[in-house]
>>> print(open('my_file.tsv').read())   # TSV, C-alpha atoms
chain	number	residue	atom	x	y	z
A	1	SER	CA	96.18	137.39	83.71
A	2	GLY	CA	99.73	138.10	84.88
A	3	PHE	CA	102.98	139.86	84.05
A	4	VAL	CA	105.63	139.03	81.43
A	5	SER	CA	109.20	140.29	81.37
A	6	GLY	CA	112.40	139.22	79.62
A	7	ASN	CA	114.45	139.44	76.43
A	8	VAL	CA	113.51	138.51	72.87
A	9	ILE	CA	116.09	138.69	70.04
A	10	ILE	CA	114.75	138.47	66.47
A	11	GLN	CA	117.27	137.85	63.69
A	12	ASP	CA	116.97	137.98	59.91
A	13	ALA	CA	114.90	135.10	58.60
A	14	THR	CA	117.54	134.41	55.93
A	15	GLN	CA	119.87	133.12	58.65
A	16	SER	CA	117.61	130.11	59.08
A	17	SER	CA	118.36	127.01	57.03
A	18	GLY	CA	115.89	126.01	54.29
A	19	VAL	CA	112.68	127.88	53.62
A	20	SER	CA	111.27	129.38	56.83
A	21	LEU	CA	108.23	131.58	57.31
A	22	LEU	CA	109.33	132.84	60.71
A	23	PRO	CA	112.59	134.59	61.57
A	24	HIS	CA	115.14	132.99	63.87
A	25	THR	CA	114.31	134.11	67.40
A	26	SER	CA	115.77	133.49	70.85
A	27	PHE	CA	114.03	134.37	74.10
A	28	GLN	CA	114.30	134.41	77.88
A	29	LEU	CA	110.97	135.15	79.56
A	30	GLU	CA	109.55	135.25	83.05
A	31	LEU	CA	105.84	134.93	83.84
A	32	ALA	CA	104.82	136.36	87.21
A	33	GLU	CA	101.58	136.22	89.23
A	34	SER	CA	99.75	134.13	86.63
A	35	LYS	CA	96.04	133.86	87.47
A	36	HIS	CA	92.95	132.32	85.95
A	37	ARG	CA	89.65	133.93	86.96
A	38	SER	CA	91.34	135.46	90.01
A	39	ASN	CA	92.71	132.04	91.10
A	40	LEU	CA	96.50	132.03	91.41
A	41	LEU	CA	98.16	129.46	89.15
A	42	SER	CA	101.83	130.40	89.49
A	43	ARG	CA	103.94	133.04	91.17
A	44	ARG	CA	106.87	132.70	88.80
A	45	ILE	CA	107.75	130.59	85.74
A	46	ARG	CA	110.90	131.05	83.63
A	47	LEU	CA	111.17	129.99	79.98
A	48	MET	CA	114.20	129.88	77.69
A	49	GLY	CA	114.36	128.80	74.05
A	50	ASN	CA	114.43	129.75	70.41
A	51	VAL	CA	112.53	129.57	67.13
A	52	THR	CA	114.46	127.91	64.32
A	53	ASP	CA	113.08	126.71	60.98
A	54	ASP	CA	109.51	127.39	62.13
A	55	VAL	CA	109.99	125.20	65.22
A	56	LEU	CA	109.84	126.63	68.73
A	57	VAL	CA	112.43	124.82	70.83
A	58	LEU	CA	111.68	125.17	74.54
A	59	GLU	CA	115.07	124.55	76.08
A	60	SER	CA	113.88	124.89	79.67
A	61	LEU	CA	110.80	125.68	81.69
A	62	ASP	CA	110.92	125.85	85.47
A	63	GLY	CA	109.01	127.51	88.26
A	64	ASP	CA	106.13	126.97	90.64
A	65	ILE	CA	102.58	125.89	89.83
A	66	ALA	CA	99.54	125.08	92.00
A	67	GLY	CA	101.59	125.10	95.18
A	68	GLY	CA	104.29	122.81	93.75
A	69	SER	CA	107.02	122.99	91.14
A	70	ILE	CA	107.21	122.39	87.37
A	71	ARG	CA	110.06	121.69	84.95
A	72	GLY	CA	109.96	120.87	81.28
A	73	GLY	CA	111.06	121.31	77.70
A	74	GLY	CA	110.25	120.21	74.18
A	75	ARG	CA	109.26	121.37	70.71
A	76	VAL	CA	106.32	123.12	69.09
A	77	HIS	CA	106.05	122.91	65.28
A	78	LEU	CA	104.48	126.24	64.40
A	79	VAL	CA	103.80	125.80	60.66
A	80	ASP	CA	102.39	122.72	58.90
A	81	ARG	CA	103.60	121.28	55.59
A	82	THR	CA	101.25	123.51	53.58
A	83	GLY	CA	102.68	126.65	55.13
A	84	ILE	CA	99.69	127.37	57.38
A	85	PHE	CA	100.27	128.45	60.98
A	86	ARG	CA	99.06	125.41	62.90
A	87	PRO	CA	101.01	124.77	66.13
A	88	ARG	CA	101.67	121.13	67.04
A	89	ALA	CA	103.44	120.46	70.34
A	90	GLU	CA	105.31	117.66	72.04
A	91	LEU	CA	106.58	118.62	75.48
A	92	GLN	CA	108.10	116.75	78.41
A	93	VAL	CA	106.80	118.00	81.76
A	94	ASN	CA	107.70	117.11	85.34
A	95	VAL	CA	105.64	118.35	88.30
A	96	SER	CA	106.39	117.91	91.98
A	97	ARG	CA	104.04	118.16	94.97
A	98	ILE	CA	101.34	120.24	93.31
A	99	ARG	CA	98.13	120.69	95.29
A	100	VAL	CA	95.30	118.91	93.51
A	101	GLU	CA	92.58	121.16	94.95
A	102	GLN	CA	94.43	124.31	93.82
A	103	ALA	CA	94.87	122.96	90.29
A	104	LEU	CA	91.17	122.06	90.11
A	105	ARG	CA	90.17	125.51	91.33
A	106	VAL	CA	92.17	127.06	88.47
A	107	LEU	CA	90.41	124.74	86.02
A	108	GLY	CA	87.03	125.82	87.39
A	109	LYS	CA	86.31	122.42	89.00
A	110	ASP	CA	85.04	121.69	92.51
A	111	PRO	CA	88.19	121.63	94.68
A	112	ASN	CA	86.46	119.39	97.25
A	113	GLN	CA	86.26	116.43	94.87
A	114	PHE	CA	89.99	115.65	95.03
A	115	ARG	CA	92.64	116.55	97.59
A	116	GLY	CA	96.29	115.81	98.21
A	117	ARG	CA	99.67	116.43	96.60
A	118	ILE	CA	100.66	114.98	93.23
A	119	SER	CA	104.03	114.47	91.52
A	120	GLY	CA	104.65	113.00	88.11
A	121	GLN	CA	106.08	113.15	84.62
A	122	ALA	CA	104.26	113.25	81.31
A	123	ILE	CA	104.52	113.84	77.58
A	124	VAL	CA	102.06	116.50	76.44
A	125	SER	CA	101.20	116.45	72.73
A	126	GLY	CA	98.52	118.13	70.65
A	127	ASN	CA	97.38	121.09	68.61
A	128	GLN	CA	94.79	123.85	68.80
A	129	ASP	CA	91.98	121.27	68.63
A	130	SER	CA	93.02	118.58	71.11
A	131	VAL	CA	95.65	117.67	73.69
A	132	ARG	CA	96.83	114.27	74.95
A	133	VAL	CA	98.84	113.64	78.12
A	134	ARG	CA	100.64	110.33	78.77
A	135	GLY	CA	102.78	109.55	81.77
A	136	SER	CA	102.71	108.51	85.42
A	137	LEU	CA	101.67	110.03	88.74
A	138	SER	CA	102.34	109.51	92.41
A	139	GLY	CA	100.34	111.08	95.22
A	140	ARG	CA	100.43	111.50	98.98
A	141	ASP	CA	97.44	111.95	101.31
A	142	VAL	CA	95.18	111.72	98.27
A	143	ARG	CA	91.40	111.78	98.70
A	144	ALA	CA	88.78	111.40	95.97
A	145	PHE	CA	85.12	112.20	96.82
A	146	ASP	CA	86.05	111.93	100.51
A	147	ILE	CA	87.51	108.46	99.92
A	148	PRO	CA	91.09	108.22	101.27
A	149	LEU	CA	93.60	106.71	98.81
A	150	GLY	CA	96.73	107.17	100.93
A	151	VAL	CA	100.05	107.00	99.05
A	152	ALA	CA	99.13	106.16	95.45
A	153	HIS	CA	100.91	105.55	92.13
A	154	SER	CA	99.49	105.07	88.64
A	155	GLY	CA	99.96	105.39	84.92
A	156	LEU	CA	98.14	108.29	83.27
A	157	VAL	CA	96.32	108.88	79.97
A	158	ALA	CA	94.28	112.06	79.46
A	159	ASP	CA	92.58	113.56	76.41
A	160	THR	CA	90.97	116.98	75.98
A	161	ASP	CA	88.93	118.34	73.08
A	162	LEU	CA	89.63	122.07	73.20
A	163	ARG	CA	86.72	122.87	70.90
A	164	THR	CA	84.01	121.18	72.96
A	165	ARG	CA	85.86	121.32	76.31
A	166	GLN	CA	85.19	117.63	76.78
A	167	TRP	CA	87.87	115.58	78.52
A	168	ASN	CA	88.60	112.18	80.00
A	169	LEU	CA	91.26	110.94	82.37
A	170	ARG	CA	92.24	107.32	82.89
A	171	LEU	CA	94.43	105.97	85.66
A	172	PRO	CA	94.76	102.34	84.52
A	173	SER	CA	97.17	100.98	87.10
A	174	ILE	CA	96.55	102.55	90.50
A	175	TYR	CA	98.58	101.07	93.34
A	176	SER	CA	98.08	102.46	96.81
A	177	THR	CA	99.24	101.63	100.32
A	178	ILE	CA	96.42	102.46	102.69
A	179	SER	CA	95.51	101.52	106.25
A	180	GLY	CA	98.19	98.85	106.49
A	181	GLY	CA	97.16	97.11	103.25
A	182	ARG	CA	97.11	97.50	99.48
A	183	LEU	CA	94.57	98.99	97.10
A	184	GLU	CA	94.78	98.39	93.35
A	185	GLY	CA	92.42	99.80	90.76
A	186	ASP	CA	91.47	101.19	87.38
A	187	LEU	CA	89.80	104.61	87.34
A	188	LEU	CA	88.15	106.50	84.45
A	189	LEU	CA	86.96	110.09	84.90
A	190	SER	CA	85.31	112.17	82.18
A	191	SER	CA	83.53	115.48	81.81
A	192	ALA	CA	79.80	115.48	82.53
A	193	SER	CA	77.29	117.60	80.67
A	194	ARG	CA	75.37	118.42	83.88
A	195	GLY	CA	78.38	119.31	86.01
A	196	GLY	CA	80.52	117.15	88.24
A	197	VAL	CA	82.29	114.22	86.62
A	198	ASP	CA	81.33	110.83	85.22
A	199	LEU	CA	83.15	108.04	87.03
A	200	ARG	CA	83.86	104.35	86.43
A	201	SER	CA	86.24	102.36	88.60
A	202	ARG	CA	87.12	98.88	89.78
A	203	TRP	CA	89.17	98.20	92.90
A	204	THR	CA	90.82	95.27	94.64
A	205	THR	CA	91.86	95.41	98.30
A	206	ARG	CA	94.37	93.20	100.09
A	207	ARG	CA	94.49	93.13	103.89
A	208	VAL	CA	93.29	96.71	104.39
A	209	ASP	CA	92.54	97.46	108.05
A	210	VAL	CA	88.90	98.49	107.76
A	211	PHE	CA	88.83	100.16	111.16
A	212	ARG	CA	91.88	102.33	110.47
A	213	LEU	CA	90.14	103.19	107.20
A	214	ALA	CA	87.06	104.26	109.14
A	215	ASP	CA	89.28	106.59	111.18
A	216	GLN	CA	90.45	108.21	107.92
A	217	PHE	CA	86.82	108.81	107.00
A	218	GLY	CA	86.50	110.61	110.33
A	219	HIS	CA	84.28	107.90	111.86
A	220	SER	CA	86.44	106.40	114.58
A	221	THR	CA	85.10	103.07	115.78
A	222	SER	CA	87.34	102.02	118.66
A	223	LEU	CA	90.79	100.70	119.39
A	224	GLY	CA	90.60	97.59	117.27
A	225	SER	CA	91.81	95.93	114.11
A	226	GLY	CA	90.56	93.79	111.28
A	227	ASP	CA	91.56	93.35	107.66
A	228	LEU	CA	89.51	92.97	104.52
A	229	SER	CA	90.36	91.68	101.06
A	230	GLY	CA	88.04	91.68	98.08
A	231	GLU	CA	86.58	93.67	95.21
A	232	LEU	CA	84.68	96.93	94.81
A	233	THR	CA	83.13	98.58	91.75
A	234	LEU	CA	82.28	102.25	92.05
A	235	GLY	CA	80.86	104.77	89.58
A	236	GLY	CA	78.30	107.42	88.87
A	237	LYS	CA	77.06	110.12	86.52
A	238	SER	CA	77.63	113.83	87.22
A	239	VAL	CA	79.30	112.93	90.51
A	240	ARG	CA	79.84	115.86	92.88
A	241	SER	CA	80.11	114.04	96.23
A	242	VAL	CA	79.86	110.61	97.86
A	243	ASP	CA	76.07	110.98	97.70
A	244	ASP	CA	76.24	110.49	93.91
A	245	LEU	CA	78.33	107.31	93.97
A	246	ALA	CA	76.95	103.84	93.25
A	247	GLY	CA	78.64	100.46	93.38
A	248	ARG	CA	78.93	96.93	94.73
A	249	PHE	CA	81.38	95.23	97.06
A	250	ARG	CA	82.31	91.83	98.36
A	251	PHE	CA	85.04	91.45	100.95
A	252	ARG	CA	86.56	88.69	103.05
A	253	LEU	CA	87.24	89.62	106.67
A	254	GLY	CA	89.98	88.22	108.86
A	255	GLU	CA	91.65	88.63	112.26
A	256	THR	CA	88.93	91.00	113.47
A	257	ARG	CA	88.94	91.91	117.16
A	258	GLY	CA	85.54	92.08	118.83
A	259	ALA	CA	86.42	95.44	120.40
A	260	ALA	CA	86.67	96.89	116.89
A	261	VAL	CA	83.10	96.03	115.86
A	262	PRO	CA	80.69	98.93	116.60
A	263	GLY	CA	78.29	97.98	119.39
A	264	LEU	CA	79.75	94.57	120.16
A	265	ILE	CA	81.16	95.53	123.58
A	266	ALA	CA	77.81	97.03	124.59
A	267	ALA	CA	75.98	93.90	123.43
A	268	SER	CA	78.23	91.66	125.53
A	269	ARG	CA	76.47	92.75	128.73
A	270	PHE	CA	73.38	90.82	127.60
A	271	LEU	CA	75.41	87.59	127.33
A	272	GLY	CA	76.14	87.19	131.03
A	273	PRO	CA	79.75	86.25	131.85
A	274	ILE	CA	80.67	85.88	128.18
A	275	SER	CA	82.75	88.77	126.82
A	276	LEU	CA	83.32	89.43	123.13
A	277	ALA	CA	85.57	92.47	123.66
A	278	ASN	CA	88.81	90.49	123.28
A	279	GLN	CA	87.40	87.89	120.94
A	280	THR	CA	89.26	87.48	117.62
A	281	PHE	CA	87.12	86.44	114.67
A	282	ASP	CA	89.22	84.45	112.21
A	283	VAL	CA	86.87	84.52	109.22
A	284	GLY	CA	84.04	86.62	107.85
A	285	GLU	CA	82.46	88.21	104.83
A	286	ALA	CA	80.75	91.47	103.88
A	287	LYS	CA	78.82	92.13	100.70
A	288	GLY	CA	76.36	94.74	99.55
A	289	VAL	CA	75.85	97.88	97.50
A	290	ILE	CA	76.68	101.59	97.75
A	291	GLY	CA	74.18	104.26	96.74
A	292	LYS	CA	72.59	107.54	97.79
A	293	GLY	CA	75.31	108.22	100.33
A	294	ALA	CA	74.94	104.92	102.19
A	295	ILE	CA	76.51	101.48	102.38
A	296	VAL	CA	73.72	98.91	102.21
A	297	ILE	CA	75.00	95.72	103.81
A	298	ASP	CA	73.20	92.72	102.34
A	299	GLU	CA	75.22	90.30	104.43
A	300	PHE	CA	77.89	90.69	107.10
A	301	TRP	CA	79.16	87.85	109.23
A	302	LEU	CA	82.10	87.05	111.49
A	303	GLY	CA	83.01	83.70	112.97
A	304	SER	CA	85.33	82.20	115.56
A	305	GLU	CA	85.37	78.88	117.41
A	306	THR	CA	83.20	80.31	120.19
A	307	ALA	CA	81.04	83.02	118.59
A	308	LEU	CA	79.11	83.90	115.44
A	309	ILE	CA	77.79	87.29	114.34
A	310	ARG	CA	75.53	88.06	111.40
A	311	ALA	CA	74.08	91.43	110.42
A	312	ASP	CA	72.56	93.53	107.68
A	313	GLY	CA	71.37	97.11	107.29
A	314	LYS	CA	72.73	100.55	106.39
A	315	VAL	CA	75.69	102.73	107.29
A	316	TYR	CA	75.62	106.35	106.05
A	317	LEU	CA	78.94	107.56	104.68
A	318	ARG	CA	78.85	111.22	105.70
A	319	SER	CA	77.57	110.89	109.25
A	320	GLY	CA	78.55	107.34	110.14
A	321	ARG	CA	74.95	106.79	111.28
A	322	MET	CA	73.90	103.11	111.44
A	323	ASN	CA	70.68	101.19	111.14
A	324	LEU	CA	71.60	97.53	111.53
A	325	ASN	CA	69.99	94.29	112.68
A	326	ALA	CA	72.23	91.57	114.07
A	327	ILE	CA	72.35	88.11	115.63
A	328	ILE	CA	75.10	87.25	118.13
A	329	ALA	CA	75.47	83.60	119.11
A	330	THR	CA	78.04	82.04	121.46
A	331	GLY	CA	78.95	78.41	121.90
A	332	ASP	CA	81.13	75.77	120.23
A	333	TYR	CA	81.37	76.71	116.56
A	334	GLY	CA	84.26	74.69	115.21
A	335	ASP	CA	82.31	74.07	111.99
A	336	ILE	CA	81.45	77.68	111.19
A	337	ALA	CA	79.82	77.00	107.81
A	338	GLY	CA	77.60	74.27	109.22
A	339	ASP	CA	76.72	76.32	112.29
A	340	PHE	CA	75.63	79.25	110.15
A	341	THR	CA	73.36	76.97	108.13
A	342	HIS	CA	71.78	75.65	111.32
A	343	LEU	CA	71.39	79.16	112.77
A	344	ALA	CA	69.73	80.40	109.58
A	345	GLN	CA	67.27	77.48	109.58
A	346	GLU	CA	66.45	77.86	113.29
A	347	TYR	CA	65.53	81.52	112.95
A	348	ALA	CA	64.26	81.28	109.35
A	349	LEU	CA	66.99	83.68	108.23
A	350	GLN	CA	66.88	84.12	104.48
A	351	THR	CA	67.73	87.81	104.40
A	352	LEU	CA	67.99	88.14	108.22
A	353	LEU	CA	65.42	88.57	110.93
A	354	PRO	CA	62.05	88.43	109.17
A	355	ALA	CA	59.14	89.94	111.04
A	356	SER	CA	57.99	86.47	112.15
A	357	ALA	CA	61.26	85.85	114.04
A	358	VAL	CA	60.25	87.60	117.26
A	359	LEU	CA	61.87	85.87	120.22
A	360	GLY	CA	61.63	86.57	123.94
A	361	VAL	CA	64.72	87.98	125.66
A	362	THR	CA	64.67	85.18	128.24
A	363	GLU	CA	64.69	82.51	125.55
A	364	LEU	CA	67.54	84.26	123.76
A	365	LEU	CA	69.68	84.44	126.88
A	366	LEU	CA	69.09	80.77	127.67
A	367	ASP	CA	70.23	79.87	124.17
A	368	ARG	CA	73.08	82.40	124.38
A	369	THR	CA	71.72	83.84	121.15
A	370	LEU	CA	70.92	87.51	120.99
A	371	VAL	CA	68.92	89.46	118.40
A	372	ILE	CA	69.68	93.18	118.52
A	373	SER	CA	69.35	96.44	116.60
A	374	VAL	CA	72.44	98.65	116.29
A	375	MET	CA	71.64	102.36	115.99
A	376	GLY	CA	73.56	105.58	116.60
A	377	THR	CA	76.90	106.14	114.85
A	378	THR	CA	80.00	104.02	114.31
A	379	GLY	CA	81.74	106.08	116.98
A	380	SER	CA	78.83	105.98	119.47
A	381	PRO	CA	76.63	102.93	118.82
A	382	VAL	CA	73.29	102.37	120.58
A	383	ILE	CA	72.09	98.78	121.20
A	384	ARG	CA	68.42	97.83	121.37
A	385	LEU	CA	66.91	94.40	121.96
>>> encode(input="my_file.tsv", output="structure tokens")
Amino acid sequence: SGFVSGNVIIQDATQSSGVSLLPHTSFQLELAESKHRSNLLSRRIRLMGNVTDDVLVLESLDGDIAGGSIRGGGRVHLVDRTGIFRPRAELQVNVSRIRVEQALRVLGKDPNQFRGRISGQAIVSGNQDSVRVRGSLSGRDVRAFDIPLGVAHSGLVADTDLRTRQWNLRLPSIYSTISGGRLEGDLLLSSASRGGVDLRSRWTTRRVDVFRLADQFGHSTSLGSGDLSGELTLGGKSVRSVDDLAGRFRFRLGETRGAAVPGLIAASRFLGPISLANQTFDVGEAKGVIGKGAIVIDEFWLGSETALIRADGKVYLRSGRMNLNAIIATGDYGDIAGDFTHLAQEYALQTLLPASAVLGVTELLLDRTLVISVMGTTGSPVIRL
């Protein structure tokens, strides 16, 4: 719904060159308070153009849309070669700083799935049956299913079947700067028959500060730092929230401060005079799966010349709640790979801490090796022996 005002001048059809079904027409229109199902789409859009030889020439389009601005122009062929009215369009459109959640609300989609501001340019082509959009996008403060994407750029290909209302959107070359590092990926979204969206994606990270990333999720760990590089696959059917996502990850960890690891400062008190708070772990690895709203860590380890840490368990995405088991060992670990092999054999660690590996606290302290459980949340961890 909305209001239309302006001028339309219709001339004699014989003034057009060749054989035309439609008269020559020029127009200047203004669309005001445009809404879809009571959701405001635009306060004001101005259009200027003409119809010549059965072609609508849109000389200019400018105004506001979804909290941002829009400009464009192009052509719409109104009549096909057989003389049947069958519009076929090719338009150039530029949008600036539109609110993603407002645009989704107009389209009847869940506005909580995506947030942020988007700018871009695209060529829109199609007819009454289908529409294709090709172009590029850039975004700021973008979030998808509560996952922060930071400042992102990508190519864009989207197709919509207007008869079945099925659609798909591919961002084949996402490049994002996030948490001091880089995120690159390929994302495919498509309509789902049971609501939500179907999702397939593959991501590569380079030196992303995992603890700054945790802050963006709203689960502050501590004043610390640590970067990760690796790969992540993420997808799902009828995805409505992070609870519906599933995937796998494998990351390399580097330059991680002990103060940044949840629970590590609290665990240091069981190691006597040895403090891990200011310890820097040069190498490490994390791998596991994502599903049912949780990160399942199959293996997590960090190593320095004087300390080794190994853990597995779960971290829940929404709450930051943890259920982890860990081994902390201090000593001379110049050969980290060899020391991990020895540690695994000594405690029979195949997956980590089998039920048979029950050790007395006194023995652990003498060996400077500690077996703990990490509970609570990433922001307020609780350590149990």
>>> residues_around(input="my_file.tsv", residues="region 38-48 of chain A", least_positions_apart="4", cutoff="10 Å", atoms="all atoms listed in the file", output="MDAnalysis selection string")
chainID A and resid 1:8 26:34 57:73 102:103 105:108
>>> residues_around(input="my_file.tsv", residues="Gly181 (chain A)", least_positions_apart="6", cutoff="7 Å", atoms="all atoms listed in the file", output="PyMOL selection string")
chain A and resi 206-209
>>> closest_residue(input="my_file.tsv", among="A:Ser319, A:Thr377, A:Ser119, A:Ser176", to="Gly293 (chain A)", atoms="all atoms listed in the file")
A:Ser319
>>> residues_around(input="my_file.tsv", residues="Glu299 (chain A)", least_positions_apart="3", cutoff="8 Å", atoms="all atoms listed in the file", output="ChimeraX atom specification")
/A:285-288,310-312,351
>>> closest_residue(input="my_file.tsv", among="A:Ile295, A:Arg86, A:Thr378, A:Thr205", to="Gly180 (chain A)", atoms="all atoms listed in the file")
A:Thr205
>>> atom_distance(input="my_file.tsv", atom1="CA of Gly185 (chain A)", atom2="CA of Phe114 (chain A)")
16.6 Å
